[in-house]
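File shown: upload26.cif. Contents: mmCIF, C-alpha atoms.
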```cif
data_upload
loop_
_atom_site.label_atom_id
_atom_site.label_comp_id
_atom_site.auth_asym_id
_atom_site.auth_seq_id
_atom_site.Cartn_x
_atom_site.Cartn_y
_atom_site.Cartn_z
CA MET A 1 0.00 0.00 0.00
CA GLY A 2 1.42 3.39 -1.05
CA LEU A 3 1.93 6.27 1.33
CA LEU A 4 -1.00 8.26 -0.06
CA ALA A 5 -3.34 5.29 0.19
CA ARG A 6 -2.19 4.66 3.78
CA VAL A 7 -2.80 8.32 4.67
CA ARG A 8 -6.29 8.19 3.15
CA LYS A 9 -7.10 5.02 5.08
CA GLU A 10 -5.72 6.26 8.41
CA TRP A 11 -6.67 9.95 8.01
CA PHE A 12 -8.73 9.98 11.19
CA ILE A 13 -5.91 8.67 13.40
CA ILE A 14 -3.55 11.17 11.75
CA GLY A 15 -6.13 13.88 12.41
CA ILE A 16 -6.26 12.97 16.11
CA VAL A 17 -2.48 13.27 16.43
CA ALA A 18 -2.53 16.59 14.55
CA ALA A 19 -5.35 17.92 16.76
CA ILE A 20 -3.52 16.99 19.99
CA VAL A 21 -0.19 18.44 18.77
CA SER A 22 -1.93 21.65 17.64
CA ALA A 23 -3.68 21.95 21.01
CA LYS A 24 -0.35 21.57 22.79
CA LEU A 25 1.33 24.22 20.62
CA GLN A 26 -1.54 26.73 20.56
CA PRO A 27 -4.03 25.96 23.35
CA ALA A 28 -5.32 29.54 23.49
CA VAL A 29 -7.00 29.16 20.07
CA GLY A 30 -9.47 26.56 21.36
CA LEU A 31 -10.07 28.01 24.82
CA LYS A 32 -13.26 29.67 26.02
CA GLY A 33 -13.19 33.22 24.69
CA GLY A 34 -10.56 32.31 22.07
CA PRO A 35 -10.87 32.57 18.27
CA LEU A 36 -12.86 29.30 17.97
CA ARG A 37 -15.31 30.29 20.74
CA PRO A 38 -15.86 26.66 21.87
CA GLU A 39 -18.44 27.81 24.45
CA PHE A 40 -20.69 28.36 21.41
CA THR A 41 -19.17 26.38 18.53
CA ILE A 42 -18.74 23.17 20.56
CA THR A 43 -21.41 23.41 23.26
CA TYR A 44 -24.14 24.40 20.84
CA VAL A 45 -23.14 24.27 17.16
CA ALA A 46 -21.01 21.08 17.15
CA VAL A 47 -23.33 19.05 19.40
CA SER A 48 -26.39 20.26 17.46
CA ALA A 49 -24.66 19.40 14.17
CA ILE A 50 -23.94 15.86 15.40
CA PHE A 51 -27.58 15.17 16.21
CA PHE A 52 -28.95 16.95 13.13
CA ASN A 53 -26.55 14.83 11.06
CA SER A 54 -27.76 11.70 12.86
CA GLY A 55 -31.41 12.66 12.40
CA LEU A 56 -30.80 13.26 8.69
CA SER A 57 -28.92 10.00 8.12
CA LEU A 58 -31.04 7.63 10.24
CA LYS A 59 -34.08 5.92 8.82
CA THR A 60 -37.12 6.77 10.94
CA GLU A 61 -38.01 3.09 11.35
CA GLU A 62 -34.51 2.39 12.76
CA LEU A 63 -34.89 5.17 15.33
CA THR A 64 -38.36 3.95 16.29
CA SER A 65 -37.07 0.38 16.63
CA ALA A 66 -34.23 1.57 18.88
CA LEU A 67 -36.65 3.33 21.22
CA LEU A 68 -38.36 -0.01 21.85
CA HIS A 69 -35.10 -1.85 22.62
CA VAL A 70 -35.79 -1.65 26.36
CA LYS A 71 -33.38 -4.43 27.35
CA LEU A 72 -30.43 -2.60 25.80
CA HIS A 73 -31.43 0.70 27.44
CA LEU A 74 -31.75 -0.92 30.86
CA PHE A 75 -28.33 -2.55 30.47
CA VAL A 76 -26.60 0.69 29.47
CA GLN A 77 -28.24 2.93 32.08
CA SER A 78 -27.82 0.37 34.88
CA PHE A 79 -24.15 -0.08 34.03
CA THR A 80 -23.51 3.67 33.76
CA LEU A 81 -25.40 4.96 36.78
CA VAL A 82 -25.41 1.94 39.13
CA PHE A 83 -22.57 -0.51 38.45
CA PHE A 84 -19.99 2.10 37.41
CA PRO A 85 -20.16 4.28 40.57
CA VAL A 86 -20.30 1.25 42.88
CA ALA A 87 -17.32 -0.38 41.14
CA MET A 88 -15.39 2.90 41.38
CA TRP A 89 -16.19 3.11 45.10
CA LEU A 90 -14.76 -0.38 45.66
CA CYS A 91 -11.71 0.42 43.52
CA ILE A 92 -11.05 3.62 45.45
CA LYS A 93 -11.19 1.71 48.74
CA LEU A 94 -8.17 -0.25 47.51
CA LEU A 95 -6.41 2.79 46.03
CA ALA A 96 -6.82 4.60 49.36
CA LEU A 97 -4.14 2.25 50.72
CA THR A 98 -1.64 3.86 48.34
CA SER A 99 -0.04 7.31 48.48
CA ILE A 100 -2.28 8.81 45.77
CA ASN A 101 -3.76 12.18 46.73
CA THR A 102 -7.09 11.71 48.54
CA TRP A 103 -8.79 14.48 46.57
CA LEU A 104 -7.76 12.92 43.28
CA LEU A 105 -9.37 9.68 44.44
CA ARG A 106 -12.54 11.59 45.24
CA GLY A 107 -12.31 12.98 41.74
CA LEU A 108 -12.24 9.41 40.38
CA GLN A 109 -15.45 8.75 42.31
CA THR A 110 -17.10 11.77 40.70
CA VAL A 111 -16.18 10.34 37.28
CA GLY A 112 -18.11 7.18 38.15
CA CYS A 113 -21.18 9.23 39.07
CA MET A 114 -21.30 11.19 35.81
CA PRO A 115 -23.88 10.60 33.03
CA PRO A 116 -22.88 9.55 29.49
CA PRO A 117 -21.86 12.26 26.98
CA VAL A 118 -24.19 13.49 24.24
CA SER A 119 -21.66 13.32 21.42
CA SER A 120 -18.56 11.09 21.59
CA ALA A 121 -20.35 7.76 22.13
CA VAL A 122 -22.69 8.50 19.21
CA ILE A 123 -19.87 9.50 16.84
CA LEU A 124 -17.70 6.49 17.70
CA THR A 125 -20.66 4.11 17.36
CA LYS A 126 -21.39 5.63 13.95
CA ALA A 127 -17.71 5.40 12.94
CA VAL A 128 -17.75 1.65 13.64
CA GLY A 129 -21.15 1.13 12.01
CA GLY A 130 -22.87 0.03 15.20
CA ASN A 131 -26.43 0.67 16.39
CA GLU A 132 -26.34 4.44 16.08
CA ALA A 133 -30.03 4.87 16.91
CA ALA A 134 -29.55 3.06 20.24
CA ALA A 135 -26.44 5.16 20.96
CA ILE A 136 -28.40 8.37 20.30
CA PHE A 137 -31.23 7.36 22.60
CA ASN A 138 -28.99 6.21 25.45
CA SER A 139 -26.69 9.24 25.23
CA ALA A 140 -29.60 11.67 25.24
CA PHE A 141 -31.73 9.80 27.80
CA GLY A 142 -28.70 9.12 30.01
CA SER A 143 -27.81 12.81 30.01
CA PHE A 144 -31.32 13.80 31.04
CA LEU A 145 -31.41 11.04 33.66
CA GLY A 146 -27.97 12.06 34.94
CA ILE A 147 -29.18 15.57 35.71
CA LEU A 148 -31.42 14.01 38.35
CA VAL A 149 -29.32 11.01 39.41
CA THR A 150 -25.75 12.39 39.42
CA PRO A 151 -26.27 14.92 42.26
CA LEU A 152 -27.86 12.12 44.33
CA LEU A 153 -24.90 9.81 43.63
CA LEU A 154 -22.44 12.55 44.62
CA LEU A 155 -24.38 13.03 47.84
CA LEU A 156 -24.39 9.28 48.51
CA PHE A 157 -20.68 8.64 47.83
CA LEU A 158 -19.09 11.97 48.75
CA GLY A 159 -21.55 13.60 51.12
CA SER A 160 -22.02 16.75 49.08
CA SER A 161 -25.29 18.45 48.33
CA SER A 162 -26.45 21.57 46.57
CA SER A 163 -29.28 22.90 44.48
CA VAL A 164 -28.84 22.08 40.81
CA PRO A 165 -30.39 24.31 38.08
CA PHE A 166 -32.34 21.47 36.48
CA SER A 167 -34.43 23.74 34.24
CA SER A 168 -31.46 25.44 32.55
CA ILE A 169 -29.60 22.15 31.95
CA PHE A 170 -32.75 20.47 30.65
CA SER A 171 -33.44 23.34 28.26
CA GLN A 172 -29.86 23.25 26.93
CA LEU A 173 -30.01 19.50 26.32
CA PHE A 174 -33.42 19.83 24.68
CA MET A 175 -32.20 22.55 22.30
CA THR A 176 -28.91 20.84 21.37
CA VAL A 177 -30.04 17.20 21.25
CA VAL A 178 -33.81 16.75 20.81
CA VAL A 179 -34.58 19.71 18.51
CA PRO A 180 -31.72 19.04 16.00
CA LEU A 181 -32.60 15.33 15.92
CA ILE A 182 -36.25 16.12 15.14
CA LEU A 183 -35.25 18.70 12.52
CA GLY A 184 -32.94 16.11 10.92
CA GLN A 185 -35.77 13.57 10.75
CA VAL A 186 -38.21 16.14 9.31
CA SER A 187 -35.63 17.22 6.73
CA ARG A 188 -35.08 13.58 5.77
CA ARG A 189 -38.75 13.24 4.80
CA PHE A 190 -38.28 15.93 2.13
CA LEU A 191 -34.75 14.94 1.07
CA ARG A 192 -35.05 11.14 1.15
CA ASP A 193 -34.70 10.59 -2.60
CA TRP A 194 -31.77 12.99 -2.88
CA LEU A 195 -30.03 11.40 0.14
CA GLU A 196 -30.41 7.88 -1.24
CA ARG A 197 -29.16 9.00 -4.66
CA ARG A 198 -26.18 11.12 -3.53
CA LYS A 199 -25.32 9.27 -0.28
CA PRO A 200 -23.62 12.18 1.56
CA PRO A 201 -20.58 11.24 3.71
CA PHE A 202 -22.34 11.44 7.07
CA GLY A 203 -19.60 9.43 8.78
CA VAL A 204 -16.85 11.76 7.55
CA ILE A 205 -18.84 14.80 8.72
CA SER A 206 -19.25 13.33 12.21
CA SER A 207 -15.54 12.42 12.33
CA LEU A 208 -14.55 15.99 11.44
CA VAL A 209 -16.78 17.32 14.21
CA LEU A 210 -15.16 14.84 16.61
CA LEU A 211 -11.69 16.11 15.63
CA MET A 212 -12.84 19.62 16.49
CA ILE A 213 -14.10 18.39 19.87
CA ILE A 214 -10.80 16.58 20.50
CA TYR A 215 -8.83 19.73 19.67
CA THR A 216 -10.81 22.05 21.96
CA THR A 217 -10.87 19.44 24.75
CA PHE A 218 -7.09 19.11 24.71
CA CYS A 219 -6.73 22.90 24.51
CA GLU A 220 -8.66 23.05 27.78
CA THR A 221 -6.64 20.20 29.27
CA PHE A 222 -3.21 21.61 28.34
CA SER A 223 -3.99 25.13 29.52
CA ASN A 224 -5.91 24.31 32.69
CA PRO A 225 -3.93 25.44 35.77
CA ASP A 226 -5.85 22.94 37.89
CA ILE A 227 -3.75 20.13 36.40
CA GLU A 228 -0.50 21.55 37.75
CA LEU A 229 0.22 18.50 39.89
CA ASP A 230 3.41 16.56 40.29
CA HIS A 231 4.10 14.40 37.28
CA LEU A 232 3.90 11.13 39.23
CA SER A 233 0.36 11.84 40.44
CA LEU A 234 -0.79 12.79 36.95
CA LEU A 235 0.86 9.72 35.48
CA LEU A 236 -0.75 7.41 38.04
CA ILE A 237 -4.23 8.91 37.57
CA THR A 238 -3.92 8.75 33.78
CA PHE A 239 -2.73 5.13 33.99
CA ILE A 240 -5.63 4.20 36.29
CA ILE A 241 -8.17 5.93 34.03
CA PHE A 242 -7.00 4.05 30.94
CA CYS A 243 -7.10 0.77 32.88
CA ILE A 244 -10.65 1.52 34.08
CA GLN A 245 -11.87 2.36 30.58
CA LEU A 246 -10.34 -0.73 29.01
CA SER A 247 -11.54 -3.01 31.80
CA PHE A 248 -15.11 -1.72 31.59
CA MET A 249 -15.16 -1.88 27.78
CA LEU A 250 -13.99 -5.49 28.04
CA LEU A 251 -16.62 -6.20 30.71
CA THR A 252 -19.49 -4.77 28.63
CA PHE A 253 -18.22 -6.67 25.59
CA VAL A 254 -18.15 -9.99 27.45
CA PHE A 255 -21.66 -9.56 28.90
CA SER A 256 -23.28 -8.24 25.71
CA THR A 257 -21.86 -11.00 23.48
CA GLN A 258 -23.24 -13.84 25.58
CA LYS A 259 -25.69 -15.91 23.52
CA GLN A 260 -28.46 -15.45 26.09
CA SER A 261 -28.10 -11.66 26.05
CA GLY A 262 -29.92 -11.37 22.73
CA PHE A 263 -27.81 -8.42 21.58
CA THR A 264 -26.58 -8.09 18.01
CA PRO A 265 -22.96 -7.12 17.20
CA ALA A 266 -24.20 -3.60 16.34
CA ASP A 267 -25.89 -3.43 19.77
CA THR A 268 -22.64 -4.49 21.45
CA VAL A 269 -20.77 -1.60 19.81
CA ALA A 270 -23.31 0.94 21.11
CA ILE A 271 -23.19 -0.65 24.59
CA MET A 272 -19.38 -0.59 24.77
CA PHE A 273 -19.21 3.14 24.07
CA CYS A 274 -22.38 4.41 25.77
CA ALA A 275 -21.93 2.46 29.01
CA THR A 276 -18.26 3.44 29.55
CA HIS A 277 -18.12 7.09 28.42
CA LYS A 278 -18.66 10.01 30.80
CA SER A 279 -19.76 13.56 30.10
CA LEU A 280 -17.38 16.49 30.57
CA THR A 281 -19.93 18.98 29.22
CA LEU A 282 -22.41 18.17 32.00
CA GLY A 283 -19.82 16.98 34.51
CA ILE A 284 -17.76 20.12 35.04
CA PRO A 285 -20.78 22.43 35.56
CA MET A 286 -22.26 19.89 37.98
CA LEU A 287 -19.01 19.67 39.96
CA LYS A 288 -18.82 23.46 40.17
CA ILE A 289 -22.40 23.59 41.44
CA VAL A 290 -22.34 20.63 43.83
CA PHE A 291 -18.87 21.41 45.25
CA GLU A 292 -19.23 25.18 45.28
CA GLY A 293 -16.87 26.67 47.85
CA TYR A 294 -14.77 23.50 48.18
CA GLU A 295 -11.10 24.33 48.62
CA HIS A 296 -10.08 21.23 46.65
CA LEU A 297 -12.55 21.58 43.75
CA SER A 298 -9.68 21.88 41.26
CA LEU A 299 -8.16 18.56 42.35
CA ILE A 300 -11.57 16.85 42.30
CA SER A 301 -12.04 18.02 38.70
CA VAL A 302 -8.71 16.65 37.41
CA PRO A 303 -9.76 12.99 36.83
CA LEU A 304 -12.79 14.05 34.77
CA LEU A 305 -10.65 16.46 32.75
CA ILE A 306 -8.34 13.54 31.96
CA TYR A 307 -11.09 10.94 31.48
CA HIS A 308 -12.91 12.84 28.74
CA PRO A 309 -10.05 13.21 26.22
CA ALA A 310 -8.80 9.73 27.17
CA GLN A 311 -12.14 8.08 26.28
CA ILE A 312 -12.24 9.84 22.90
CA LEU A 313 -8.61 8.97 22.16
CA LEU A 314 -8.91 5.34 23.24
CA GLY A 315 -12.24 4.85 21.48
CA SER A 316 -10.88 6.35 18.25
CA ILE A 317 -7.83 4.08 18.33
CA LEU A 318 -10.04 1.01 18.84
CA VAL A 319 -12.49 1.89 16.02
CA PRO A 320 -10.71 -0.19 13.30
CA THR A 321 -10.41 -3.27 15.56
CA ILE A 322 -14.03 -3.15 16.73
CA LYS A 323 -15.26 -2.45 13.19
CA SER A 324 -13.37 -5.47 11.86
CA TRP A 325 -14.89 -7.67 14.58
CA MET A 326 -18.43 -6.41 13.96
CA ASN A 327 -18.23 -6.83 10.19
CA SER A 328 -16.90 -10.37 10.59
CA ARG A 329 -19.70 -11.27 12.99
CA GLN A 330 -22.39 -9.81 10.76
CA LYS A 331 -21.02 -11.59 7.68
CA VAL A 332 -20.93 -15.01 9.32
CA ASP A 333 -24.45 -14.55 10.72
CA LYS A 334 -25.72 -14.29 7.14
CA THR A 335 -23.73 -17.00 5.40
CA HIS A 336 -22.88 -19.86 7.77
CA THR A 337 -24.67 -22.73 9.47
CA GLN A 338 -25.44 -22.59 13.19
CA ARG A 339 -22.45 -24.77 14.14
CA GLU A 340 -20.05 -22.78 11.96
CA ARG A 341 -21.58 -19.58 13.30
CA ASP A 342 -21.05 -20.58 16.93
CA LEU A 343 -17.45 -21.59 16.25
CA PHE A 344 -16.70 -18.38 14.37
CA ILE A 345 -18.35 -16.22 17.02
CA TYR A 346 -16.20 -17.88 19.67
CA HIS A 347 -13.00 -17.17 17.74
CA THR A 348 -13.89 -13.56 16.81
CA ASN A 349 -15.01 -12.75 20.35
CA HIS A 350 -11.81 -14.31 21.65
CA TYR A 351 -9.81 -12.17 19.20
CA LEU A 352 -11.37 -8.88 20.31
CA THR A 353 -11.16 -9.87 23.97
CA ARG A 354 -7.44 -10.56 23.58
CA SER A 355 -7.01 -7.29 21.69
CA LEU A 356 -8.59 -5.34 24.55
CA CYS A 357 -6.71 -7.30 27.19
CA SER A 358 -3.39 -6.75 25.42
CA LEU A 359 -3.79 -3.02 26.05
CA LEU A 360 -4.08 -3.61 29.79
CA PRO A 361 -0.80 -3.68 31.73
CA GLY A 362 0.57 -7.12 32.50
CA THR A 363 -1.74 -8.93 30.09
CA ALA A 364 0.05 -8.45 26.78
#
```
Would you mind writing the file's structure down as structure tokens?
Amino acid sequence: MGLLARVRKEWFIIGIVAAIVSAKLQPAVGLKGGPLRPEFTITYVAVSAIFFNSGLSLKTEELTSALLHVKLHLFVQSFTLVFFPVAMWLCIKLLALTSINTWLLRGLQTVGCMPPPVSSAVILTKAVGGNEAAAIFNSAFGSFLGILVTPLLLLLFLGSSSSVPFSSIFSQLFMTVVVPLILGQVSRRFLRDWLERRKPPFGVISSLVLLMIIYTTFCETFSNPDIELDHLSLLLITFIIFCIQLSFMLLTFVFSTQKQSGFTPADTVAIMFCATHKSLTLGIPMLKIVFEGYEHLSLISVPLLIYHPAQILLGSILVPTIKSWMNSRQKVDKTHTQRERDLFIYHTNHYLTRSLCSLLPGTA
């Protein structure tokens, strides 16, 4: 394969590297108040564009079918808002025996309490070719649910309480998620023939928006004075966060690929991203509200500031591997006998499980 062909095939990974390097060199460009104005272009325009794009590209019957996939929704929301925070609490009990800063550990607990994001899980699911409709529903519904549940979880695990401006957060989510999605679906009714004839590159558009989100997120990360910790602490927290993400992705993969689960490979992709991703857009405002006046708010915020770019980076790197697995599974489901299918599923699941495990320390 020639260099140009390789670049065209791996353009998204190259774009991620370029976005991170650019953010490191010129973080001021993507900061709040900077030339890109991410407080508007990302918070409103980019997120709205993602869901308008999804509404335009998704067949209405697929979206309707996803809404009725109650088992998948229960799995994702239970994992995100019940299992995740409890597992983090148990993990932190063990980490408390180490010399890691106590407030950073509390920050890890806040990560576990956060709702799913309204953008990254959807884009990554779409990039793989998974159940995008299910990802949209669970990201949007989980965000709305998190507005109510997250403050309660923070109170339960950290003993903090405060009044949360539910109305303003609900209205923002409604305007940036629900309205663009509906507009996309309405537009599709009038443009259906043109869309089927021209087949616009919806996936490329979403990937470009994700690169913009990655850039502005790392601009915030690199320029944030709250992350001025000693290098060892930052390294340990980053290492722990990557281990948590990989472990939970592996866990959701194992559970959702069991024969009795009833989930399709496309469902598994949506579950892996939606159940393990956490929202920075909702998370930081919630932390500032719930922990208002806390002397160590900056330290508590650090794990979430690391987790968000880490989940996008890790998910983007894994897209080719997960896509290869899903395509193989879908192909064998159509063409092989039941015995051949079971044998192939075992081997492909074993392959992806080993791929995920190989990224964990001590399991390569």
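Evaluated against this file, the PyMOL selection byres ((chain A and resi 271-274) around 6) yields Ala121, Met249, Thr252, Thr268, Val269, Ala270, Ala275, Thr276 and His277 of chain A.
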Just C-alpha atoms for this one: save the residues we selected as an mmCIF file, in the coordinates of the input.
```cif
data_model
loop_
_atom_site.group_PDB
_atom_site.id
_atom_site.type_symbol
_atom_site.label_atom_id
_atom_site.label_comp_id
_atom_site.auth_asym_id
_atom_site.auth_seq_id
_atom_site.Cartn_x
_atom_site.Cartn_y
_atom_site.Cartn_z
ATOM 1 C CA ALA A 121 -20.350 7.760 22.130
ATOM 2 C CA MET A 249 -15.160 -1.880 27.780
ATOM 3 C CA THR A 252 -19.490 -4.770 28.630
ATOM 4 C CA THR A 268 -22.640 -4.490 21.450
ATOM 5 C CA VAL A 269 -20.770 -1.600 19.810
ATOM 6 C CA ALA A 270 -23.310 0.940 21.110
ATOM 7 C CA ALA A 275 -21.930 2.460 29.010
ATOM 8 C CA THR A 276 -18.260 3.440 29.550
ATOM 9 C CA HIS A 277 -18.120 7.090 28.420
#
```
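Across the structure, atom CA of Cys243 of chain A and atom CA of Val82 of chain A are spaced 19.4 Å apart.
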Exercise. If the PyMOL selection byres ((chain A and resi 134-142) around 6) is run on the structure shown, which residues does it catch, given as a PyMOL selection string?
Worked result: chain A and resi 66+115-118+122+131-133+143-146+270
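Considering all atoms listed in the file, the residue among A:Val186, A:Val177, A:Leu359, A:Ile300 positioned nearest to Gln245 of chain A is A:Leu359.
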Problem set entry | Distance query Val254 of chain A at most 10 Å, all atoms listed in the file, self and fewer than 3 positions along chain excluded, as a PyMOL selection string | chain A and resi 248-251+257-258+268+272+349-350+352-353
Exercise. What does the distance from atom CA of Leu236 of chain A to atom CA of Ala87 of chain A come to in Å, to one decimal?
Worked result: 18.6 Å
Exercise. Skipping near chain neighbours, those fewer than 6 positions away, what residues fall within 9 Å of segment 31-44 of chain A using all atoms listed in the file, listed as a PyMOL selection string?
Worked result: chain A and resi 172+175-176+209+212-213+216-217+219-220+223+281
